Amino acid sequence: MRVFLTGATGFIGSAVADELMATGHQVVGLAKDDAAARHLNERGVTAHRGDLSDLDSIAAGASACDGVIHTAFINDFSRYIEVAEIDRRAVATVADALAGSNKPFVATSVVTLLPPDRLGTEADERASPDIPRAASEATVLAAADRGVRASVVRLPFSVHGRGDTGFVPALIDLARRKRVAAYIGDGASRWPAVNRLDAAQLFCLALEAADPGSVLHAVAEEGVAMHAIAEVIGQGLGLPARSIPEDGAEAHFGWLARFVAIDQPISSALTRERIGWSPRQNGLLTDIAQSGYFETASRSKL
């Protein structure tokens with residue numbers, strides 16, 4: 001299958017590209033500039049110039065291929081509503097381009113669309129249609145009624161592994177600056193997690209076998225306690241792990257406070273049953289300790 005892949009140079013997308021090629025697919029990757037195009041070509045991926053705002057390019061790439069996997073997203077929390085709308089327009093463009101073709105379209109979504117403080121499943125309704133990225137997920141799933149084999153893969157808080165630039169590196173950078181690896185209260189709030197290679201495998205399985213309208217959870221660990229994450233960060237940095245009272249969380253964590261405080265365990269039992277996904281890579285705590293998270297002083301891009 002010839003697959004159009006957005007985010008092909010990214011942390012998750014590059015792993016998806018490798019998995020696709022390893023299983024015999026050809027990959028056409030969206031490249032925003034010459035450097036990205038050269039990088040993709042060197043890895044055996046055909047570069048297709050454009051970005052998420054270039055809807056004509058996205059439509060052309062989708063139309064010319066046998067299927068689409070969408071992993072790109074602009075991780076800029078300072079304009080999150082704006083970039084979520086850019087994402088919605090991009091997936092709507094793919095849906096229009098594939099309408100009536102029965103081609104597969106697998107798009108990235110997030111578990112934060114689900115209500116917190118209880119175990120979330122693939123069958124749950126979204127918490128609110130007003131949450132950023134909810135519109136993108138709804139747009140993709142609606143394409144299943146338009147002759148597209150559309151599905152979504154919801155990613156957890158932590159997609160981890162070597163090269164991670166997400167929430168865990170942000171916590172490590174903060175611990176370095178504050179000289180303490182902190183958690184809020186008793187640290188019992190939980191983050192679901194998955195290794196990027198396991199997530200990549202699920203995207204490829206969805207491309208090949210997901211039913212139209214499927215919601216899949218790329219979750220290997222339902223919930224890793226924040227105090228455990230803080231403890232392994234503290235061990236890696238030679239710093240103490242310490243509780244911060246709730247009323248001091250924002251002062252200590254800044255924009256990270258809401259993510260550290262949220263308790264959102266997520267199940268992937270239905271995903272494993274329906275599509276035969278079986279994650280095999282290291283868990284989050286092992287990856288933090290062993291996969292280069294402490295090698296550089298500051299790598300987070302969030």
# chains A, B, ... in the order shown; residues from 1 in each chain; ligands from 1
$ closest_atom_pairs --of "stretch 41-145 of chain A" --to "stretch 210-229 of chain A" --cutoff "9 Å" --atoms "only C-alpha atoms" --output "tab-separated table"
residue	atom	partner	partner_atom	distance
A:Pro104	CA	A:Pro212	CA	8.2
A:Val106	CA	A:Ala210	CA	8.7
A:Val110	CA	A:His217	CA	8.7
A:Val111	CA	A:His217	CA	7.8
A:Leu119	CA	A:Glu222	CA	8.1
A:Thr121	CA	A:His217	CA	7.9
A:Glu122	CA	A:Val215	CA	5.8
A:Ala123	CA	A:Val215	CA	7.7
A:Val140	CA	A:Gly213	CA	8.1
A:Leu141	CA	A:Gly213	CA	5.1
A:Ala142	CA	A:Gly213	CA	7.5
A:Ala143	CA	A:Gly213	CA	7.9
A:Ala144	CA	A:Pro212	CA	5.2
A:Asp145	CA	A:Pro212	CA	8.2
$ closest_atom_pairs --of "stretch 139-183 of chain A" --to "stretch 231-252 of chain A" --cutoff "7 Å" --atoms "only C-alpha atoms" --output "tab-separated table"
residue	atom	partner	partner_atom	distance
A:Ile172	CA	A:Ile233	CA	6.5
A:Arg179	CA	A:Leu239	CA	6.4
A:Val180	CA	A:Pro240	CA	5.4
A:Ala181	CA	A:Ala241	CA	4.5
A:Ala182	CA	A:Arg242	CA	4.9
A:Tyr183	CA	A:Ser243	CA	5.1
$ atom_distance --atom1 "atom CA of A:Ala175" --atom2 "atom CA of A:Phe259"
15.4 Å
$ residues_around --residues "A:Leu5" --least-positions-apart "6" --cutoff "8 Å" --atoms "only C-alpha atoms" --output "ChimeraX atom specification"
/A:13,17,27-30,68-71
$ select_by_dssp --residues "stretch 189-263 of chain A" --states "strand (DSSP E or B)" --output "short mmCIF file (atom, residue, chain, number, x, y, z; two decimals) with N, CA and C atoms, in the first residue's frame"
data_model
loop_
_atom_site.label_atom_id
_atom_site.label_comp_id
_atom_site.auth_asym_id
_atom_site.auth_seq_id
_atom_site.Cartn_x
_atom_site.Cartn_y
_atom_site.Cartn_z
N ARG A 190 -2.90 9.72 38.00
CA ARG A 190 -2.28 8.76 37.08
C ARG A 190 -2.27 9.26 35.65
N TRP A 191 -1.15 8.98 34.97
CA TRP A 191 -1.00 9.23 33.54
C TRP A 191 -1.00 7.91 32.78
N PRO A 192 -1.86 7.75 31.77
CA PRO A 192 -1.71 6.62 30.87
C PRO A 192 -0.48 6.82 29.99
N ALA A 193 0.09 5.74 29.48
CA ALA A 193 1.35 5.87 28.75
C ALA A 193 1.51 4.76 27.71
N VAL A 194 2.37 5.05 26.72
CA VAL A 194 2.72 4.05 25.70
C VAL A 194 4.08 4.39 25.12
N ASN A 195 4.86 3.38 24.80
CA ASN A 195 6.10 3.58 24.07
C ASN A 195 5.79 3.93 22.61
N SER A 214 -13.92 3.20 13.88
CA SER A 214 -13.27 2.65 15.07
C SER A 214 -12.59 3.73 15.90
N VAL A 215 -12.69 3.60 17.22
CA VAL A 215 -11.93 4.40 18.16
C VAL A 215 -10.97 3.46 18.87
N LEU A 216 -9.68 3.72 18.76
CA LEU A 216 -8.65 2.85 19.32
C LEU A 216 -7.81 3.63 20.33
N HIS A 217 -7.39 2.94 21.37
CA HIS A 217 -6.56 3.57 22.41
C HIS A 217 -5.15 3.00 22.38
N GLU A 221 -0.04 1.23 29.36
CA GLU A 221 -0.20 1.27 30.82
C GLU A 221 -1.39 2.16 31.14
N GLU A 222 -2.37 1.62 31.83
CA GLU A 222 -3.60 2.37 32.10
C GLU A 222 -3.34 3.63 32.91
N GLY A 223 -2.41 3.57 33.86
CA GLY A 223 -2.15 4.75 34.65
C GLY A 223 -0.91 4.59 35.51
N VAL A 224 0.05 5.46 35.32
CA VAL A 224 1.28 5.45 36.12
C VAL A 224 1.19 6.60 37.11
N ALA A 225 1.33 6.30 38.40
CA ALA A 225 1.14 7.31 39.44
C ALA A 225 2.20 8.40 39.35
N ALA A 241 12.45 13.57 45.77
CA ALA A 241 11.07 13.63 45.30
C ALA A 241 10.22 14.11 46.47
N ARG A 242 9.36 15.10 46.20
CA ARG A 242 8.69 15.75 47.33
C ARG A 242 7.28 16.16 46.92
N SER A 243 6.36 16.07 47.89
CA SER A 243 4.98 16.49 47.68
C SER A 243 4.86 18.01 47.74
N ILE A 244 4.02 18.55 46.84
CA ILE A 244 3.67 19.96 46.83
C ILE A 244 2.18 20.05 47.17
#
$ atom_distance --atom1 "atom CA of A:Ala261" --atom2 "atom CA of A:Asp87"
26.6 Å
$ residues_around --residues "A:Thr9" --least-positions-apart "6" --cutoff "10 Å" --atoms "only C-alpha atoms" --output "PyMOL selection string"
chain A and resi 15-17+29-32+36-37+39-40+45+71-72
$ residues_around --residues "A:Trp277" --least-positions-apart "3" --cutoff "8 Å" --atoms "only C-alpha atoms" --output "list in words"
Gln201, Leu202, Leu205, Thr271, Arg272 and Glu273 of chain A
$ write_last_selection --atoms "C-alpha atoms" --output "CSV table (one decimal), in the first residue's frame"
chain,number,residue,atom,x,y,z
A,201,GLN,CA,2.5,-0.5,15.5
A,202,LEU,CA,-1.1,0.3,16.4
A,205,LEU,CA,-2.7,-2.2,12.4
A,271,THR,CA,-8.5,-2.1,21.2
A,272,ARG,CA,-6.5,-5.2,22.0
A,273,GLU,CA,-9.5,-7.4,21.6
$ residues_around --residues "A:Ser109" --least-positions-apart "5" --cutoff "7 Å" --atoms "only C-alpha atoms" --output "short mmCIF file (atom, residue, chain, number, x, y, z; two decimals) with C-alpha atoms, in the first residue's frame"
data_model
loop_
_atom_site.label_atom_id
_atom_site.label_comp_id
_atom_site.auth_asym_id
_atom_site.auth_seq_id
_atom_site.Cartn_x
_atom_site.Cartn_y
_atom_site.Cartn_z
CA GLU A 137 -12.02 13.45 16.08
CA VAL A 152 -8.91 7.39 15.24
CA VAL A 153 -6.03 6.42 17.52
CA ARG A 154 -6.21 8.23 20.83
CA LEU A 155 -2.78 8.88 22.34
#
$ residues_around --residues "A:Gly147" --least-positions-apart "3" --cutoff "9 Å" --atoms "only C-alpha atoms" --output "ChimeraX atom specification"
/A:98-103,143-144,150,212
$ atom_distance --atom1 "atom CA of A:Phe73" --atom2 "atom CA of A:Leu55"
14.3 Å
$ closest_residue --among "A:Asp96, A:Met1, A:Val148, A:Ser291" --to "A:Thr23" --atoms "only C-alpha atoms"
A:Met1
$ select_by_dssp --residues "stretch 52-294 of chain A" --states "alpha helix (DSSP H)" --output "MDAnalysis selection string"
chainID A and resid 55:63 80:98 134:142 167:178 196:209 226:237 249:253 257:261 269:275 284:290
$ closest_residue --among "A:Ala60, A:Ile184, A:Val260, A:Leu207" --to "A:Phe105" --atoms "only C-alpha atoms"
A:Leu207
$ closest_residue --among "A:Asp130, A:Gly120, A:Phe11, A:Ala62" --to "A:Ser268" --atoms "only C-alpha atoms"
A:Gly120
